[in-house]
>>> print(open('model30.txt').read())   # compact mmCIF, C-alpha atoms
# COMPACT_ATOMS: atom_id res chain seq x y z
CA MET A 3 -22.49 35.68 -18.08
CA SER A 4 -19.12 37.34 -18.75
CA GLU A 5 -17.36 34.01 -18.23
CA ARG A 6 -19.71 32.34 -20.69
CA PHE A 7 -19.14 35.11 -23.21
CA GLY A 8 -15.41 34.64 -22.75
CA GLU A 9 -15.79 30.94 -23.33
CA ALA A 10 -18.12 31.34 -26.29
CA PHE A 11 -16.10 34.07 -27.97
CA GLY A 12 -12.75 32.55 -27.09
CA PRO A 13 -10.74 30.01 -29.03
CA GLY A 14 -12.03 26.48 -29.19
CA PRO A 15 -9.77 23.43 -28.89
CA GLU A 16 -9.28 23.37 -32.66
CA CYS A 17 -8.40 27.03 -33.04
CA PRO A 18 -4.76 27.67 -33.99
CA GLU A 19 -2.53 29.97 -31.94
CA LEU A 20 -2.17 33.52 -33.24
CA ASP A 21 1.31 32.83 -34.70
CA ALA A 22 -0.03 29.80 -36.62
CA LEU A 23 -2.96 31.87 -37.84
CA ALA A 24 -0.52 34.59 -38.93
CA ALA A 25 1.65 32.02 -40.73
CA TRP A 26 -1.44 30.65 -42.46
CA ARG A 27 -2.33 34.18 -43.55
CA ASP A 28 1.15 34.80 -45.04
CA LYS A 29 1.49 31.38 -46.63
CA GLN A 30 2.29 31.34 -50.34
CA GLY A 31 0.75 28.56 -52.43
CA PRO A 32 -1.91 26.05 -51.42
CA ARG A 33 -3.23 26.19 -47.88
CA GLU A 34 -4.32 23.33 -45.67
CA PRO A 35 -8.00 22.49 -46.40
CA TYR A 36 -8.52 21.78 -42.71
CA MET A 37 -7.57 25.33 -41.75
CA GLU A 38 -9.67 26.80 -44.56
CA SER A 39 -12.83 25.02 -43.40
CA HIS A 40 -12.15 25.72 -39.71
CA ILE A 41 -11.72 29.45 -40.27
CA GLU A 42 -14.83 29.59 -42.42
CA ASP A 43 -16.90 28.33 -39.48
CA CYS A 44 -15.05 29.95 -36.58
CA ALA A 45 -16.11 33.42 -35.42
CA TYR A 46 -13.07 33.72 -33.15
CA CYS A 47 -10.52 32.97 -35.89
CA GLN A 48 -12.34 35.27 -38.30
CA SER A 49 -12.24 38.04 -35.73
CA GLU A 50 -8.54 37.47 -35.06
CA LEU A 51 -7.74 37.43 -38.79
CA ALA A 52 -9.69 40.63 -39.39
CA LEU A 53 -7.76 42.33 -36.59
CA LEU A 54 -4.48 40.94 -37.92
CA ASP A 55 -5.19 42.30 -41.42
CA GLU A 56 -6.24 45.64 -40.08
CA GLU A 57 -3.26 46.09 -37.76
CA LEU A 58 -0.67 44.94 -40.27
CA SER A 59 -1.91 47.43 -42.84
CA ALA A 60 -2.46 50.21 -40.29
CA VAL A 61 -1.37 53.70 -41.24
CA PRO A 62 -1.26 56.57 -38.77
CA ASP A 63 -3.92 59.24 -39.01
CA ALA A 64 -3.26 62.94 -38.53
CA SER A 65 -4.04 62.83 -34.80
CA GLU A 66 -1.41 60.13 -34.22
CA MET A 67 1.46 61.64 -36.21
CA LYS A 68 2.85 63.81 -33.42
CA ASP A 69 2.93 61.05 -30.80
CA LEU A 70 4.28 58.59 -33.34
CA ALA A 71 7.15 60.89 -34.30
CA TRP A 72 7.92 61.40 -30.60
CA ILE A 73 8.05 57.64 -29.94
CA VAL A 74 10.22 56.94 -32.99
CA ALA A 75 12.60 59.74 -31.95
CA ALA A 76 12.75 58.24 -28.43
CA LEU A 77 13.56 54.81 -29.88
CA LYS A 78 16.31 56.28 -32.02
CA GLN A 79 17.68 58.15 -29.03
CA ASN A 80 17.68 55.03 -26.87
CA PRO A 81 17.70 52.02 -29.21
CA PRO A 82 16.05 48.96 -27.65
CA LEU A 83 19.24 46.92 -28.00
CA GLY A 84 21.50 49.72 -26.82
CA LYS A 85 23.97 51.65 -28.90
CA ALA A 86 26.69 49.58 -30.57
CA PRO A 87 30.20 50.34 -29.26
CA VAL A 88 31.65 53.00 -31.55
CA SER A 89 35.22 51.71 -31.33
CA GLN A 90 34.21 48.36 -32.73
CA GLY A 91 31.49 49.34 -35.19
CA TRP A 92 33.53 49.83 -38.33
CA LEU A 93 35.48 46.60 -37.83
CA SER A 94 32.30 44.59 -37.43
CA ARG A 95 30.74 46.26 -40.43
CA LEU A 96 33.83 45.49 -42.50
CA ALA A 97 33.83 41.84 -41.43
CA GLU A 98 30.18 41.51 -42.19
CA TYR A 99 30.51 43.22 -45.58
CA TRP A 100 33.35 40.82 -46.34
CA ARG A 101 31.12 37.85 -45.53
CA ALA A 102 28.13 39.18 -47.47
CA GLN A 103 29.94 40.52 -50.56
CA PRO A 104 33.34 38.76 -50.79
CA VAL A 105 34.03 39.69 -54.44
CA ALA A 106 33.19 43.36 -54.00
CA ALA A 107 35.10 43.44 -50.72
CA LEU A 108 38.17 41.92 -52.39
CA SER A 109 38.03 44.55 -55.14
CA TRP A 110 37.79 47.35 -52.58
CA ALA A 111 40.61 45.82 -50.55
CA GLY A 112 42.84 45.59 -53.65
CA ALA A 113 42.11 49.18 -54.63
CA THR A 114 42.81 50.36 -51.07
CA VAL A 115 46.16 48.49 -50.94
CA CYS A 116 47.21 50.03 -54.29
CA LEU A 117 46.27 53.51 -53.08
CA LEU A 118 48.15 53.02 -49.82
CA LEU A 119 51.23 51.78 -51.71
CA VAL A 120 51.22 54.80 -54.00
CA ALA A 121 50.63 57.18 -51.10
CA GLY A 122 53.34 55.50 -49.01
CA LEU A 123 55.93 55.59 -51.77
CA THR A 124 55.14 59.24 -52.49
CA TRP A 125 55.43 60.14 -48.80
CA ARG A 126 58.73 58.25 -48.41
CA ASP A 127 60.21 60.03 -51.43
CA ASN A 128 59.15 63.42 -50.03
CA ALA A 129 59.69 63.07 -46.26
CA GLY A 130 61.81 60.03 -45.59
CA LEU A 131 61.03 57.29 -43.03
CA GLY A 132 60.93 57.84 -39.32
CA PRO A 133 59.18 56.57 -36.24
CA ILE A 134 55.56 57.54 -35.81
CA PRO A 135 55.33 59.78 -32.72
CA GLY A 136 53.35 58.25 -29.91
CA ALA A 137 53.22 54.78 -31.46
CA GLY A 138 52.70 52.05 -28.86
CA SER A 139 51.50 54.45 -26.17
CA GLY A 140 47.94 54.94 -24.80
CA PRO A 141 45.61 52.55 -23.00
CA PRO A 142 45.34 48.99 -24.24
CA VAL A 143 42.22 48.22 -26.24
CA TYR A 144 40.42 44.96 -25.56
CA ARG A 145 37.68 43.29 -27.53
CA THR A 146 34.27 43.96 -26.06
CA THR A 147 32.62 40.81 -27.25
CA GLN A 148 33.43 38.54 -24.32
CA MET A 149 31.44 40.38 -21.70
CA GLU A 150 28.01 38.90 -21.07
CA LEU A 151 25.38 39.58 -18.45
CA GLU A 152 24.50 36.50 -16.39
CA SER A 153 21.71 37.44 -13.97
CA PRO A 154 19.11 38.74 -13.47
CA LEU A 155 17.70 38.22 -16.98
CA GLY A 156 14.16 37.57 -18.19
CA ASP A 157 11.36 36.87 -15.72
CA VAL A 158 12.69 36.50 -12.19
CA ALA A 159 10.83 35.20 -9.15
CA ALA A 160 11.88 38.02 -6.84
CA PRO A 161 13.62 41.42 -7.00
CA PRO A 162 17.32 40.80 -7.65
CA GLU A 163 19.67 40.64 -4.69
CA GLU A 164 22.76 40.50 -6.86
CA PHE A 165 23.90 41.41 -10.38
CA ARG A 166 26.36 39.04 -12.08
CA TRP A 167 28.23 39.21 -15.38
CA SER A 168 31.28 37.69 -17.04
CA ALA A 169 34.69 39.19 -16.32
CA ALA A 170 36.41 41.34 -18.95
CA ALA A 171 40.16 41.22 -19.67
CA GLY A 172 42.01 44.30 -18.42
CA ALA A 173 39.18 45.47 -16.18
CA VAL A 174 39.93 46.56 -12.61
CA ARG A 175 36.40 47.64 -11.79
CA TYR A 176 32.95 47.57 -13.24
CA HIS A 177 30.29 50.25 -13.45
CA VAL A 178 26.72 48.92 -13.25
CA GLN A 179 23.65 50.88 -14.28
CA LEU A 180 19.99 50.02 -13.69
CA LEU A 181 17.71 51.77 -16.16
CA GLU A 182 14.12 52.28 -17.19
CA VAL A 183 13.35 51.01 -20.69
CA ASP A 184 13.53 54.61 -21.94
CA GLY A 185 17.14 54.84 -20.74
CA THR A 186 16.52 56.80 -17.52
CA VAL A 187 19.13 55.72 -14.97
CA LEU A 188 17.52 54.51 -11.74
CA TRP A 189 20.63 53.44 -9.88
CA GLU A 190 24.38 53.11 -10.43
CA GLY A 191 27.01 51.15 -8.58
CA THR A 192 30.59 49.96 -8.90
CA SER A 193 32.32 46.71 -8.11
CA GLU A 194 35.85 45.35 -8.33
CA THR A 195 34.61 41.85 -9.10
CA ASN A 196 32.18 40.58 -11.69
CA SER A 197 29.21 40.74 -9.34
CA LEU A 198 27.52 43.40 -7.28
CA ARG A 199 25.14 43.00 -4.38
CA ALA A 200 22.01 45.11 -4.88
CA PRO A 201 21.31 47.50 -2.01
CA VAL A 202 17.90 47.50 -0.35
CA GLU A 203 16.67 50.50 -2.34
CA VAL A 204 17.28 48.59 -5.58
CA GLU A 205 15.39 45.57 -4.31
CA ALA A 206 12.41 47.90 -3.81
CA LEU A 207 12.58 49.37 -7.31
CA PRO A 208 10.91 46.73 -9.54
CA VAL A 209 7.23 47.46 -10.17
CA PRO A 210 5.16 44.32 -10.82
CA GLY A 211 5.27 43.40 -14.49
CA LYS A 212 7.53 46.32 -15.44
CA THR A 213 10.67 45.59 -17.38
CA LEU A 214 13.93 47.12 -16.18
CA LEU A 215 17.27 47.18 -17.99
CA TRP A 216 20.81 46.93 -16.73
CA GLN A 217 24.19 47.30 -18.29
CA VAL A 218 27.80 46.93 -17.20
CA GLN A 219 30.88 48.84 -18.31
CA ALA A 220 34.36 47.47 -17.56
CA LEU A 221 36.97 50.09 -16.66
CA ASP A 222 40.77 49.96 -16.53
CA LEU A 223 43.08 51.59 -13.97
CA GLN A 224 42.84 54.98 -15.67
CA GLY A 225 39.04 54.79 -15.79
CA ASN A 226 38.94 54.08 -19.53
CA ALA A 227 36.13 51.80 -20.73
CA VAL A 228 37.66 48.54 -21.95
CA ALA A 229 34.41 46.64 -22.49
CA GLU A 230 30.68 47.20 -22.38
CA SER A 231 27.89 44.66 -22.16
CA ALA A 232 24.66 44.74 -24.12
CA ARG A 233 21.64 45.92 -22.17
CA GLY A 234 19.95 43.06 -20.37
CA SER A 235 16.36 43.12 -19.22
CA PHE A 236 14.50 41.53 -16.37
CA ARG A 237 11.01 41.69 -14.95
CA VAL A 238 9.43 40.60 -11.72
CA PRO A 239 5.95 39.29 -12.63
CA ALA A 240 3.10 40.51 -10.44
CA ALA A 241 2.92 37.14 -8.68
CA GLY A 242 6.62 37.38 -7.78
CA LEU A 243 6.04 40.40 -5.54
CA GLN A 244 3.00 39.12 -3.71
CA MET B 1 22.00 47.08 -54.72
CA PRO B 2 18.46 46.33 -53.46
CA ALA B 3 18.00 46.33 -49.67
CA PRO B 4 18.08 42.80 -48.24
CA LEU B 5 14.75 41.32 -47.22
CA ASP B 6 13.99 41.27 -43.51
CA GLU B 7 13.86 37.48 -43.54
CA ASP B 8 17.35 37.32 -45.13
CA LEU B 9 18.65 39.71 -42.50
CA VAL B 10 17.29 37.46 -39.75
CA GLN B 11 19.10 34.50 -41.32
CA ARG B 12 22.31 36.50 -41.44
CA ILE B 13 21.92 37.63 -37.82
CA ARG B 14 21.48 34.02 -36.75
CA THR B 15 24.77 33.03 -38.37
CA LEU B 16 26.72 35.75 -36.56
CA GLY B 17 28.67 34.45 -33.60
CA ASP B 18 29.88 37.82 -32.42
CA PRO B 19 27.24 39.29 -30.06
CA VAL B 20 28.19 42.87 -30.92
CA SER B 21 27.71 42.36 -34.67
CA ARG B 22 24.56 40.39 -33.98
CA ARG B 23 23.11 43.15 -31.85
CA ARG B 24 24.08 45.86 -34.29
CA LEU B 25 22.53 44.13 -37.30
CA ALA B 26 19.39 43.27 -35.33
CA GLY B 27 19.24 46.93 -34.30
CA GLU B 28 19.34 47.94 -37.96
CA LEU B 29 16.60 45.45 -38.81
CA PHE B 30 14.44 46.66 -35.94
CA GLU B 31 14.91 50.30 -36.85
CA LYS B 32 13.08 49.62 -40.11
CA HIS B 33 10.06 48.66 -38.00
CA TYR B 34 10.15 51.42 -35.36
CA GLU B 35 7.21 53.27 -36.87
CA LYS B 36 5.00 50.22 -37.29
CA VAL B 37 5.62 48.86 -33.81
CA ALA B 38 5.23 52.34 -32.31
CA LEU B 39 1.85 52.69 -34.01
CA TRP B 40 0.65 49.29 -32.78
CA CYS B 41 1.74 50.11 -29.25
CA LEU B 42 0.28 53.62 -29.39
CA ARG B 43 -3.14 52.21 -30.18
CA TYR B 44 -3.02 49.88 -27.18
CA ALA B 45 -1.43 52.25 -24.69
CA ASP B 46 -2.89 55.01 -22.55
CA SER B 47 -0.12 57.46 -23.38
CA ARG B 48 2.80 57.94 -25.73
CA GLU B 49 5.19 57.31 -22.82
CA GLU B 50 3.57 53.95 -22.17
CA ALA B 51 3.63 53.20 -25.91
CA ARG B 52 7.36 54.00 -26.02
CA ASP B 53 8.03 51.62 -23.13
CA LEU B 54 5.92 48.91 -24.74
CA ALA B 55 7.76 49.33 -28.05
CA GLN B 56 11.13 49.06 -26.29
CA GLU B 57 10.01 45.86 -24.60
CA VAL B 58 8.58 44.42 -27.83
CA PHE B 59 11.92 44.83 -29.60
CA MET B 60 13.82 43.29 -26.69
CA LYS B 61 11.46 40.32 -26.68
CA ALA B 62 11.85 40.00 -30.44
CA TYR B 63 15.63 40.01 -30.10
CA GLN B 64 15.50 37.30 -27.44
CA ALA B 65 13.18 35.22 -29.66
CA LEU B 66 15.01 35.82 -32.94
CA ASP B 67 16.38 32.27 -33.02
CA ASN B 68 12.80 30.98 -32.91
CA PHE B 69 11.81 32.80 -36.10
CA GLN B 70 11.00 29.98 -38.50
CA GLY B 71 10.18 32.04 -41.57
CA ASP B 72 6.65 30.58 -41.77
CA ALA B 73 5.28 34.11 -41.63
CA LYS B 74 6.80 37.37 -42.82
CA PHE B 75 9.12 39.00 -40.29
CA SER B 76 6.73 41.94 -39.89
CA THR B 77 3.85 39.55 -39.13
CA TRP B 78 6.00 37.68 -36.61
CA LEU B 79 6.92 40.99 -34.97
CA TYR B 80 3.26 41.95 -34.88
CA VAL B 81 2.34 38.74 -33.06
CA ILE B 82 4.95 39.53 -30.39
CA ALA B 83 3.71 43.12 -30.13
CA ARG B 84 0.09 42.05 -29.89
CA HIS B 85 0.74 39.50 -27.13
CA HIS B 86 2.93 41.93 -25.25
CA CYS B 87 0.49 44.85 -25.44
CA ILE B 88 -2.49 42.72 -24.41
CA ASN B 89 -0.53 41.23 -21.51
CA ALA B 90 0.48 44.72 -20.42
CA ILE B 91 -3.16 45.81 -20.45
CA ARG B 92 -4.10 42.69 -18.48
CA GLY B 93 -1.45 43.75 -15.97
CA LYS B 94 -3.72 46.63 -15.09
CA ARG B 95 -6.26 44.07 -14.03
CA GLU B 96 -7.34 45.78 -10.86
CA ARG B 97 -8.25 48.95 -12.66
CA PHE B 98 -9.98 46.89 -15.36
CA ALA B 99 -12.02 44.94 -12.82
CA ASN B 100 -13.27 48.14 -11.20
CA GLN B 101 -14.00 49.70 -14.53
CA THR B 102 -15.95 46.70 -15.70
CA VAL B 103 -18.17 46.72 -12.64
CA GLU B 104 -18.81 50.44 -13.08
CA GLU B 105 -19.47 50.02 -16.76
CA MET B 106 -21.81 47.11 -16.21
CA ALA B 107 -23.78 49.09 -13.64
CA GLU B 108 -23.91 52.06 -15.96
CA GLU B 109 -25.10 49.96 -18.85
CA GLY B 110 -27.70 48.09 -16.79
CA LEU B 111 -26.08 44.88 -17.94
CA GLY B 112 -25.13 43.43 -14.59
CA SER B 113 -27.28 41.73 -12.00
CA ASN B 114 -30.89 42.77 -12.01
CA GLN B 115 -31.74 45.56 -9.57
CA GLY B 116 -35.37 46.17 -10.53
CA GLU B 117 -38.39 44.51 -12.00
CA GLN B 118 -37.14 44.30 -15.57
CA PRO B 119 -34.71 41.48 -16.34
CA SER B 120 -31.26 42.68 -17.42
CA ILE B 121 -30.10 42.00 -20.96
CA ASP B 122 -27.85 39.20 -19.75
CA GLU B 123 -30.73 37.62 -17.91
CA GLN B 124 -32.74 37.68 -21.10
CA ILE B 125 -30.09 35.49 -22.69
CA ASP B 126 -31.12 32.03 -21.65
CA ALA B 127 -28.71 30.79 -19.03
CA LYS B 128 -29.21 27.31 -20.40
CA ALA B 129 -28.22 28.31 -23.94
CA SER B 130 -25.42 26.04 -24.98
CA LEU B 131 -21.99 27.37 -25.91
CA ALA B 132 -22.62 26.01 -29.40
CA SER B 133 -25.80 28.14 -29.64
CA LEU B 134 -23.98 31.22 -28.36
CA ARG B 135 -21.19 30.69 -30.88
CA GLN B 136 -23.72 30.24 -33.66
CA TRP B 137 -25.56 33.44 -32.72
CA MET B 138 -22.29 35.34 -32.54
CA GLN B 139 -21.44 34.17 -36.03
CA GLN B 140 -24.87 34.85 -37.49
CA GLU B 141 -26.18 37.83 -35.57
CA LEU B 142 -23.20 40.08 -34.87
CA ASP B 143 -21.32 42.25 -37.31
CA GLU B 144 -17.52 42.20 -37.55
CA THR B 145 -16.94 45.15 -35.22
CA GLU B 146 -19.27 43.70 -32.58
CA ARG B 147 -17.41 40.39 -32.76
CA GLN B 148 -14.05 42.14 -32.44
CA VAL B 149 -15.21 44.23 -29.49
CA MET B 150 -16.70 41.19 -27.71
CA THR B 151 -13.53 39.13 -28.34
CA MET B 152 -11.22 41.87 -27.11
CA HIS B 153 -13.36 42.57 -24.05
CA PHE B 154 -14.39 39.11 -22.91
CA VAL B 155 -11.51 36.97 -24.23
CA HIS B 156 -8.50 39.31 -24.09
CA GLU B 157 -9.97 41.16 -21.10
CA MET B 158 -9.25 44.58 -22.52
CA PRO B 159 -11.01 47.60 -20.97
CA LEU B 160 -13.65 49.20 -23.20
CA GLN B 161 -11.72 52.45 -23.28
CA ALA B 162 -8.66 50.65 -24.67
CA ILE B 163 -10.79 48.86 -27.26
CA THR B 164 -12.34 52.14 -28.36
CA ARG B 165 -8.87 53.56 -28.86
CA ARG B 166 -7.49 50.44 -30.46
CA LEU B 167 -10.33 50.04 -32.98
CA ARG B 168 -10.53 53.82 -33.40
CA LEU B 169 -14.27 53.80 -32.84
CA SER B 170 -15.57 57.30 -33.42
CA ASN B 171 -19.12 56.98 -32.04
CA SER B 172 -19.78 58.86 -28.81
CA SER B 173 -19.85 55.88 -26.43
CA GLY B 174 -17.21 53.86 -28.29
CA ALA B 175 -16.87 50.13 -27.63
CA LYS B 176 -19.56 50.23 -24.95
CA ALA B 177 -22.23 50.78 -27.62
CA TYR B 178 -21.05 47.70 -29.50
CA VAL B 179 -21.17 45.56 -26.36
CA VAL B 180 -24.72 46.76 -25.69
CA SER B 181 -25.89 46.12 -29.25
CA ALA B 182 -24.18 42.71 -29.35
CA ARG B 183 -25.80 41.66 -26.09
CA ARG B 184 -29.22 42.84 -27.29
CA LYS B 185 -28.84 40.84 -30.48
CA LEU B 186 -27.82 37.78 -28.48
CA ALA B 187 -30.80 38.28 -26.14
CA ARG B 188 -33.15 38.47 -29.13
CA ALA B 189 -31.63 35.32 -30.62
CA SER B 190 -32.01 33.60 -27.25
CA ALA B 191 -35.67 34.68 -27.03
CA ARG B 192 -36.36 33.39 -30.53
CA GLU B 193 -34.77 30.09 -29.61
CA ARG B 194 -36.87 29.81 -26.43
CA ALA B 195 -40.04 30.56 -28.40
CA ARG B 196 -39.10 27.94 -30.97
CA GLN B 197 -38.52 25.36 -28.24
CA GLU B 198 -41.85 26.21 -26.57
CA ARG B 199 -43.68 25.83 -29.88
CA SER B 200 -42.00 22.47 -30.39
CA ARG B 201 -43.02 21.37 -26.90
CA GLU B 202 -46.61 22.54 -27.46
CA GLN B 203 -46.78 20.75 -30.78
CA ALA B 204 -45.37 17.60 -29.19
CA GLY B 205 -47.88 17.90 -26.28
CA GLY B 206 -50.81 18.47 -28.66
CA GLY B 207 -49.84 15.40 -30.63
CA VAL B 208 -50.01 13.23 -27.51
CA LEU B 209 -53.37 14.61 -26.43
>>> encode(input="model30.txt", output="structure tokens")
Amino acid sequence: MSERFGEAFGPGPECPELDALAAWRDKQGPREPYMESHIEDCAYCQSELALLDEELSAVPDASEMKDLAWIVAALKQNPPLGKAPVSQGWLSRLAEYWRAQPVAALSWAGATVCLLLVAGLTWRDNAGLGPIPGAGSGPPVYRTTQMELESPLGDVAAPPEEFRWSAAAGAVRYHVQLLEVDGTVLWEGTSETNSLRAPVEVEALPVPGKTLLWQVQALDLQGNAVAESARGSFRVPAAGLQ
Amino acid sequence: MPAPLDEDLVQRIRTLGDPVSRRRLAGELFEKHYEKVALWCLRYADSREEARDLAQEVFMKAYQALDNFQGDAKFSTWLYVIARHHCINAIRGKRERFANQTVEEMAEEGLGSNQGEQPSIDEQIDAKASLASLRQWMQQELDETERQVMTMHFVHEMPLQAITRRLRLSNSSGAKAYVVSARRKLARASARERARQERSREQAGGGVL
């Protein structure tokens, strides 16, 4: 009987997918008469819409507040997309601000140049010109944007035997981390090329259906990070391990 | 300056070629929805740790699918659809536990195969009842909560315990009570239909004689 209930309560051939139902719900202006009449007669779509309305307007009750705060704090601690590289953040922000607000950005740029000119002239009058100590020294800084993870990514048929990523300029070795989605490090390894063979213990790590993350950091001769990839995710579906 | 709309932010993210900027801006967009997604996941998960993992995965899926966002629905609705599919699939992943639980629950409820003299509730629902009749009875006989519970249990294959938590049902036996009452209502509707058919047959037979 359970199968028949599933069939009877489940979507019929004319029922829209949940995303189409959601789009219909959000639609501004006139709606398709076909959808209107279908939903009016369809218990499944009505049930899905009721759940959609309820979940979208959900507010936490007192008993959920503590757990909710804990989860939000955990997400902030380990953002799902990883933390943006600090060295590059302000440059990216500036470029983006320039694209979004060109007039305001131009005004700020003009004001900044004027300030710098005044400050520079004042300093030269007071201290004279000379070389800046330490200029040109220190490790070279490379852009981090060219380093991409290649595999494993997404759903994979079997536990990964190898991790591959694109090479980064100036890197002499790479540090690879395999993590839980909460950021817990499960395994770390290093490689001098842009791939690393996974040891047997790593091949045994994936739990069916569980997402794991991995990330690569490129290091120079002195061990300074010259590039860092975004966190990639992969999952071995239950069928892949059987 | 008013904060940009989520949908505008998605458009801007899609124009960014630099993966670092793209990821950073998407991260900012997602952060606005941490609480909402966390709440959705919390109501589907068994624990806050599981909810945290689900929320992480939802945002990663959303990031991977960002180029598919058409703007037909609001961004928050689109994100919800991803969260809903992901959470239900995760619960389905615990299929083995669910299967055992269902058998136990069915036995406990007396809804499974008939062990004694009395027919079980399911057996009272005419096995020959058409899907169209079942759908009609569901529409006419069940209330909204019963329909939701039946859909989540029999279509989305969610365990009753998870449905109780998800729908925040406060009665003592939670979703189980709604399944029982829904099945009883369907059995009554089935019995009425059988009686109606028998009367029709008798009337037709009497007419011939």
>>> closest_atom_pairs(input="model30.txt", of="chain A", to="chain B", cutoff="7 Å", atoms="only C-alpha atoms", output="tab-separated table")
residue	atom	partner	partner_atom	distance
A:Met3	CA	B:Asp122	CA	6.6
A:Ser4	CA	B:Phe154	CA	6.5
A:Phe7	CA	B:Phe154	CA	6.2
A:Gly8	CA	B:Phe154	CA	4.6
A:Ala10	CA	B:Leu131	CA	5.6
A:Phe11	CA	B:Thr151	CA	5.7
A:Gly12	CA	B:Val155	CA	5.4
A:Leu20	CA	B:Val81	CA	6.9
A:Asp21	CA	B:Val81	CA	6.2
A:Ala24	CA	B:Ala73	CA	6.4
A:Ala25	CA	B:Ala73	CA	4.3
A:Asp28	CA	B:Ala73	CA	5.4
A:Lys29	CA	B:Ala73	CA	6.8
A:Ala45	CA	B:Gln139	CA	5.4
A:Ser49	CA	B:Gln148	CA	5.6
A:Pro62	CA	B:Leu39	CA	6.9
A:Asp69	CA	B:Arg48	CA	5.9
A:Leu70	CA	B:Ala38	CA	6.4
A:Ile73	CA	B:Arg52	CA	5.4
A:Val74	CA	B:Tyr34	CA	6.0
A:Pro82	CA	B:Gln56	CA	5.1
A:Leu83	CA	B:Gly27	CA	6.3
A:Ala86	CA	B:Arg24	CA	5.9
A:Ser94	CA	B:Ser21	CA	5.8
A:Thr147	CA	B:Val20	CA	6.1
A:Val183	CA	B:Asp53	CA	5.9
A:Asp184	CA	B:Asp53	CA	6.4
A:Gly211	CA	B:Gly93	CA	6.9
>>> atom_distance(input="model30.txt", atom1="CA of Ser168 (chain A)", atom2="CA of Glu152 (chain A)")
6.9 Å
>>> closest_residue(input="model30.txt", among="B:Asp143, B:His86, B:Gln11, B:Gln197", to="Ala52 (chain A)", atoms="only C-alpha atoms")
B:Asp143
>>> residues_around(input="model30.txt", residues="region 196-198 of chain A", least_positions_apart="4", cutoff="8 Å", atoms="all atoms listed in the file", output="list in words")
Glu164, Phe165, Arg166, Trp167, Ser168, Ala169, Tyr176, Gly191 and Thr192 of chain A
>>> atom_distance(input="model30.txt", atom1="CA of Val238 (chain A)", atom2="CA of Pro159 (chain B)")
23.5 Å
>>> closest_residue(input="model30.txt", among="B:Cys87, B:Glu141, B:Gln203, B:Tyr44", to="Ala187 (chain B)", atoms="all atoms listed in the file")
B:Glu141
